[in-house]
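Student: One structure is given below, represented as structure tokens, and several questions about it will come after.
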Number of protein chains: 2
Amino acid sequence: MLIKYIIYQIKSIILYLFIYLFMQVLLNHINKYITTPVSENEFKLISSYFIYKKIRKKQYLLVEGTVCKYFAFIKKGAMRKYYIDENGKENIVNLYLENWWVVDRQSYSTKTPSSYFIDAWEDCELLMITIENKQKLENDSPSFKELIYKMRENNDLCNLKRITSLTNCCAETRYNDLISNYPEFLQRFPQNLIASYLGITKETLSRIRKLNH
Amino acid sequence: MLIKYIIYQIKSIILYLFIYLFMQVLLNHINKYITTPVSENEFKLISSYFIYKKIRKKQYLLVEGTVCKYFAFIKKGAMRKYYIDENGKENIVNLYLENWWVVDRQSYSTKTPSSYFIDAWEDCELLMITIENKQKLENDSPSFKELIYKMRENNDLCNLKRITSLTNCCAETRYNDLISNYPEFLQRFPQNLIASYLGITKETLSRIRKLNH
DNA sequence: CGATTTTTTGAATCATATCAACGTACGTGG
DNA sequence: CCACGTACGTTGATATGATTCAAAAAATCG
């Protein structure tokens with residue numbers, strides 16, 4: 001019994017250390033975006049709200065028809081957001097890698113069922129916070145609030161760029177721009193997903209790549 | 001002298017009444033978006049920060065290379081946001097009508113020079129607030145803060161829809177969707193602007209309209 | 001290794017752009 | 001108020017870019 005107890009204690013200590021280590025990644029990320037570094041105390045507060053979760057390839061973070069409950073930070077892995085159209089085809093809306101935030105803002109802010117699926121393309125390690133705790137933390141931690149604000153500006157900017165790109169550029173330009181902005185995408189995602197994200201067919205993408213040498 | 005003074009006073013009263021009337025439009029707009037109606041006092045506070053301005057067709061609200069200083073609410077008229085590409089062609093980014101908010105968020109939030117022009121397509125009446133006063137007002141007026149938040153969610157949603165539409169729909173579908181969402185666009189903007197907004201040529205738009213009978 | 005997924009290739013087809021010309025509407029100055 | 005010029009819209013012929021479909025080749029996974 002004593003041994004069992006000791007093992008249990010050791011396990012929780014290890015778990016605690018792990019989470020602490022994992023949160024360091026988030027801390028670095030936050031400090032990169034905000035003006036004054038996060039204090040020790042504030043960081044403890046932030047840490048207390050996050051949960052660490054591993055999800056395996058193909059597992060869902062969000063399923064169409066359910067309300068988005070979590071804001072997730074990708075510590076490790078790759079994810080995708082997509083919807084299934086009337087022909088049953090998957091349409092990639094977003095691709096995500098390490099240090100990206102994943103959420104369906106529309107669903108969580110209006111509390112309505114999502115029209116998207118979000119799943120893990122690779123095995124993932126996530127740092128997650130519930131939507132309610134995110135609100136709380138935004139009120140209690142200026143740094144976190146600033147981060148959320150900046151991430152949102154960032155996201156907004158990306159969306160606008162994407163609209164401009166889709167409106168005025170041909171498939172080849174869009175592909176080249178994507179790869180120069182996110183070269184890792186090619187190694188981490190198959191070409192058919194990238195093609196879908198760009199709004200072109202996999203055949204077209206294959207031909208573009210052939211021409212590019 | 002006395003007469004001059006009286007005239008001056010009458011003028012300012014009239015001006016005040018005008019502004020008060022104009023602000024009613026904004027009040028209605030705000031109440032449509034927020035949960036609890038704006039109180040008398042809060043509305044007075046909001047009113048005090050706005051300036052009323054008429055601008056004539058073709059006049060600029062924002063010029064490329066300058067920093068966006070105002071948040072503008074269109075009380076009356078039509079505006080457009082566009083950029084000029086390397087070939088000197090105008091590319092329409094957004095079209096705006098009554099009760100829309102006009103701003104270059106990227107420019108004002110990063111305080112960097114804008115890459116867009118915003119001008120009046122029709123003679124306009126605007127209710128404008130400086131970016132600094134907008135921040136102040138967001139802190140002092142919960143209703144205004146809620147409005148800004150809601151408008152932003154809204155904008156976000158529109159951008160996402162536009163990305164999906166550009167990625168997966170053909171020109172005809174995009175045009176039909178636009179017209180069913182904003183039927184006024186056709187009466188207020190020439191087809192070449194609408195075509196540019198949709199990312200198609202004016203010839204293609206003309207042919208689509210012909211087929212639609 | 002076989003099974004499955006992903007990528008490539010070719011041919012036919014479709015959607016949209018381009019270019020050039022003409023038609024129409026509108027507003028301004030004489 | 002008319003005539004003119006400018007801006008806007010339509011049409012046709014042709015070119016280009018991207019899709020579709022089918023099949024084979026290559027890569028990946030258990």
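In the structure tokens, each chain is lettered A, B, ... as it comes, each chain's residues begin at 1, and ligands are numbered from 1 in order of appearance.
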Go through range 34-94 of chain B and collect every residue that DSSP, computed from the backbone, puts in strand (DSSP E or B); the answer should be as a PDB file with C-alpha atoms, in the first residue's frame.
Tutor:
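Writing done, so here's part_0.pdb:
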ATOM      1  CA  ILE B  51     -18.020  64.247 -35.587  1.00  0.00           C
ATOM      2  CA  TYR B  52     -20.395  64.673 -38.477  1.00  0.00           C
ATOM      3  CA  LYS B  53     -18.821  65.110 -41.862  1.00  0.00           C
ATOM      4  CA  LYS B  54     -20.047  65.304 -45.420  1.00  0.00           C
ATOM      5  CA  ILE B  55     -17.740  64.182 -48.130  1.00  0.00           C
ATOM      6  CA  TYR B  60     -10.869  60.251 -50.003  1.00  0.00           C
ATOM      7  CA  LEU B  61     -11.372  59.077 -46.461  1.00  0.00           C
ATOM      8  CA  LEU B  62      -8.018  57.294 -46.575  1.00  0.00           C
ATOM      9  CA  TYR B  70     -10.769  57.461 -38.215  1.00  0.00           C
ATOM     10  CA  PHE B  71     -13.434  54.909 -37.633  1.00  0.00           C
ATOM     11  CA  ALA B  72     -16.366  55.991 -39.800  1.00  0.00           C
ATOM     12  CA  PHE B  73     -20.020  55.069 -39.770  1.00  0.00           C
ATOM     13  CA  ILE B  74     -21.839  55.678 -43.032  1.00  0.00           C
ATOM     14  CA  LYS B  75     -25.046  57.546 -42.304  1.00  0.00           C
ATOM     15  CA  LYS B  76     -25.727  58.055 -45.961  1.00  0.00           C
ATOM     16  CA  MET B  79     -17.965  54.014 -50.348  1.00  0.00           C
ATOM     17  CA  ARG B  80     -15.323  51.637 -51.583  1.00  0.00           C
ATOM     18  CA  LYS B  81     -11.940  50.358 -50.434  1.00  0.00           C
ATOM     19  CA  TYR B  82      -9.398  49.417 -53.081  1.00  0.00           C
ATOM     20  CA  TYR B  83      -5.724  49.115 -53.813  1.00  0.00           C
ATOM     21  CA  ILE B  84      -3.767  49.775 -56.974  1.00  0.00           C
ATOM     22  CA  GLU B  90      -7.776  49.372 -59.160  1.00  0.00           C
ATOM     23  CA  ASN B  91      -8.746  46.272 -57.208  1.00  0.00           C
ATOM     24  CA  ILE B  92     -11.885  46.583 -55.113  1.00  0.00           C
ATOM     25  CA  VAL B  93     -11.423  45.144 -51.632  1.00  0.00           C
ATOM     26  CA  ASN B  94     -14.744  46.231 -50.129  1.00  0.00           C
TER      27      ASN B  94
END
Student: DSSP on the backbone: what in range 28-193 of chain A comes out alpha helix (DSSP H), as a PyMOL selection string?
Tutor: chain A and resi 28-33+40-49+105-110+131-140+142-168+171-181+184-188+191-193
Student: I'd like the interatomic distance between C1' of DG27 in chain C and CA of Ala78 in chain B, to a tenth of an Å.
Tutor: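 Straight-line distance from C1' of DG27 in chain C to CA of Ala78 in chain B works out to 19.4 Å.
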Student: Could you write out as a list of chain:residue names the residues of chain D within 10 Å of chain A, counting only C-alpha atoms (C1' of nucleotides)?
Tutor: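 On the chain D side, the interface is D:DG17, D:DA18, D:DT19, D:DT20.
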Student: Output N, CA and C atoms (P, O5', C5', C4', C3', O3' and C1' of nucleotides) of each residue in that selection to a file, as a compact mmCIF listing (two decimals), in the first residue's frame.
Tutor:
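out_20.txt, written as the output of this step:
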# COMPACT_ATOMS: atom_id res chain seq x y z
P DG D 17 -1.81 30.84 -68.94
O5' DG D 17 -2.69 30.51 -67.67
C5' DG D 17 -3.88 31.27 -67.39
C4' DG D 17 -4.83 30.39 -66.62
C3' DG D 17 -4.15 29.37 -65.71
O3' DG D 17 -4.77 29.54 -64.46
C1' DG D 17 -5.70 28.27 -67.16
P DA D 18 -4.41 28.75 -63.16
O5' DA D 18 -5.51 27.60 -63.15
C5' DA D 18 -6.86 27.98 -62.92
C4' DA D 18 -7.72 26.76 -63.06
C3' DA D 18 -7.28 25.56 -62.24
O3' DA D 18 -8.32 25.26 -61.33
C1' DA D 18 -7.82 24.94 -64.48
P DT D 19 -8.48 23.86 -60.61
O5' DT D 19 -9.48 23.08 -61.57
C5' DT D 19 -10.75 23.65 -61.87
C4' DT D 19 -11.63 22.63 -62.57
C3' DT D 19 -11.77 21.29 -61.83
O3' DT D 19 -13.15 20.94 -61.87
C1' DT D 19 -10.97 20.90 -64.02
P DT D 20 -13.70 19.71 -61.03
O5' DT D 20 -13.83 18.51 -62.07
C5' DT D 20 -14.53 18.71 -63.30
C4' DT D 20 -14.27 17.52 -64.20
C3' DT D 20 -14.32 16.15 -63.50
O3' DT D 20 -15.36 15.39 -64.11
C1' DT D 20 -12.43 16.33 -64.94
Student: In terms of the shortest atom-to-atom distance over only C-alpha atoms (C1' of nucleotides), which of C:DT4, C:DT9, C:DT16, C:DT24 is closest to DG9 in chain D?
Tutor: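 Of all the options, C:DT24 lies closest to DG9 in chain D.
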Student: Provide as a PDB file with C-alpha atoms (C1' of nucleotides), in the first residue's frame the residues of chain C at most 10 Å from chain A, counting only C-alpha atoms (C1' of nucleotides).
Tutor:
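Saved file out_20.pdb follows:
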ATOM      1  C1'  DT C   6      -0.913   9.835 -52.568  1.00  0.00           C
ATOM      2  C1'  DT C   7       1.074  11.658 -56.777  1.00  0.00           C
ATOM      3  C1'  DT C   8       1.725  11.924 -61.634  1.00  0.00           C
ATOM      4  C1'  DT C   9       0.391  11.966 -66.460  1.00  0.00           C
TER       5       DT C   9
END
Student: Please identify every residue of chain B that has at least one atom no more than 7 Å from any atom of chain A, counting only C-alpha atoms, and report them as a PyMOL selection string.
Tutor: chain B and resi 106+157+159+163+166-168+198-199
Student: Set the distance at 12 Å and use only C-alpha atoms (C1' of nucleotides): which residues neighbour Pro142 in chain A once local chain neighbours fewer than 6 positions away are removed? I'd like the list as a list of chain:residue names.
Tutor: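 The residues that qualify are A:Ile30, A:Ile34, A:Thr35, A:Thr36, A:Pro37, A:Val38, A:Ser39, A:Glu42, A:Phe43, A:Leu45, A:Ile46, A:Gln135, A:Lys136, A:Ile148, A:Tyr149.
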Student: For range 21-23 of chain D, work out the shell of residues within 10 Å, counting only C-alpha atoms (C1' of nucleotides) and skipping chain neighbours fewer than 3 positions away, then give it as a list in words.
Tutor: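 Counting only C-alpha atoms (C1' of nucleotides), the residues come to DT9, DG10, DA11 and DA12 of chain C.
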Student: May I ask for the distance between CA of Ile129 in chain A and CA of Phe50 in chain A, given in Å to one decimal place?
Tutor: 4.9 Å
Student: Rounded to one decimal, what separation in Å do you get between CA of Phe117 in chain B and CA of Glu64 in chain B?
Tutor: 5.2 Å
Student: Hey, what's within 8 Å of Lys58 in chain A if we count only C-alpha atoms (C1' of nucleotides) and toss same-chain stuff fewer than 4 positions away? As a list in words, please?
Tutor: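 Within the cut-off, the hits are Asp119, Ala120, Trp121 and Glu122 of chain A.
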Student: Take the residues from that selection and write them out as a PDB file, in the first residue's frame, keeping N, CA and C atoms.
Tutor:
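Below is the file that was written, result-v2.pdb:
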ATOM      1  N   ASP A 119      -9.455  18.074 -36.908  1.00  0.00           N
ATOM      2  CA  ASP A 119      -8.847  16.830 -36.450  1.00  0.00           C
ATOM      3  C   ASP A 119      -7.332  16.882 -36.535  1.00  0.00           C
ATOM      4  N   ALA A 120      -6.705  15.918 -35.897  1.00  0.00           N
ATOM      5  CA  ALA A 120      -5.249  15.862 -35.859  1.00  0.00           C
ATOM      6  C   ALA A 120      -4.747  15.172 -37.119  1.00  0.00           C
ATOM      7  N   TRP A 121      -3.868  15.806 -37.829  1.00  0.00           N
ATOM      8  CA  TRP A 121      -3.278  15.174 -39.010  1.00  0.00           C
ATOM      9  C   TRP A 121      -2.054  14.347 -38.609  1.00  0.00           C
ATOM     10  N   GLU A 122      -1.372  14.816 -37.557  1.00  0.00           N
ATOM     11  CA  GLU A 122      -0.309  14.020 -36.923  1.00  0.00           C
ATOM     12  C   GLU A 122      -0.704  13.862 -35.458  1.00  0.00           C
TER      13      GLU A 122
END
